Amino acid sequence: MVSFTKRSTFKVDLDYRKIASNEIIVYDIELSEFIHRKVSVLKIHHKEPLLSESDILTIFNAFSKGNITDPKAREDHNRLLITHVSEKKTITSSTCLVCNKPVSDKVKAYCLSNDRFKGKIYCYDHQKIVQK
């Protein structure tokens, strides 16, 4: 479950916001209600708890340990995130060598990391042709 502030705008499939979804995305003001509804649905489907007390404590400790409590460190972290996002937006997109279709960074990295593409970038459809 992922929660965002109301300042955010969701740009995801609306199915991710349904209680039956395993990938629930909600606004922070909806979080408590969604958790209670999700727990109720899970209790109906699972008579035994899915997590032991030890599992829950381990997860809690991992989140507590990862939380940035120092204001200066949090500010630095946020600044780095903003810088990273703005740099990512300014990177020009790569295109397929054959059809000139834009490809994601993931597709680009995949092509560049595979010797069979010889340093060239191909969209998914043209990767199949090159592989043969």
# chains A, B, ... in the order shown; residues from 1 in each chain; ligands from 1
call {"tool": "residues_around", "arguments": {"residues": "A:Lys18", "least_positions_apart": "5", "cutoff": "10 Å", "atoms": "only C-alpha atoms", "output": "JSON, numbers by chain"}}
result
{"A": [23, 24, 25, 26, 34, 38]}
call {"tool": "residues_around", "arguments": {"residues": "stretch 123-129 of chain A", "least_positions_apart": "4", "cutoff": "10 Å", "atoms": "only C-alpha atoms", "output": "ChimeraX atom specification"}}
result
/A:94-104,107-108,111,116-117
call {"tool": "select_by_dssp", "arguments": {"residues": "chain A", "states": "strand (DSSP E or B)", "output": "VMD selection string"}}
result
chain A and resid 2 to 4 25 to 27 94 to 95 102 to 103
call {"tool": "atom_distance", "arguments": {"atom1": "atom CA of A:Asn67", "atom2": "atom CA of A:Val12"}}
result
26.1 Å
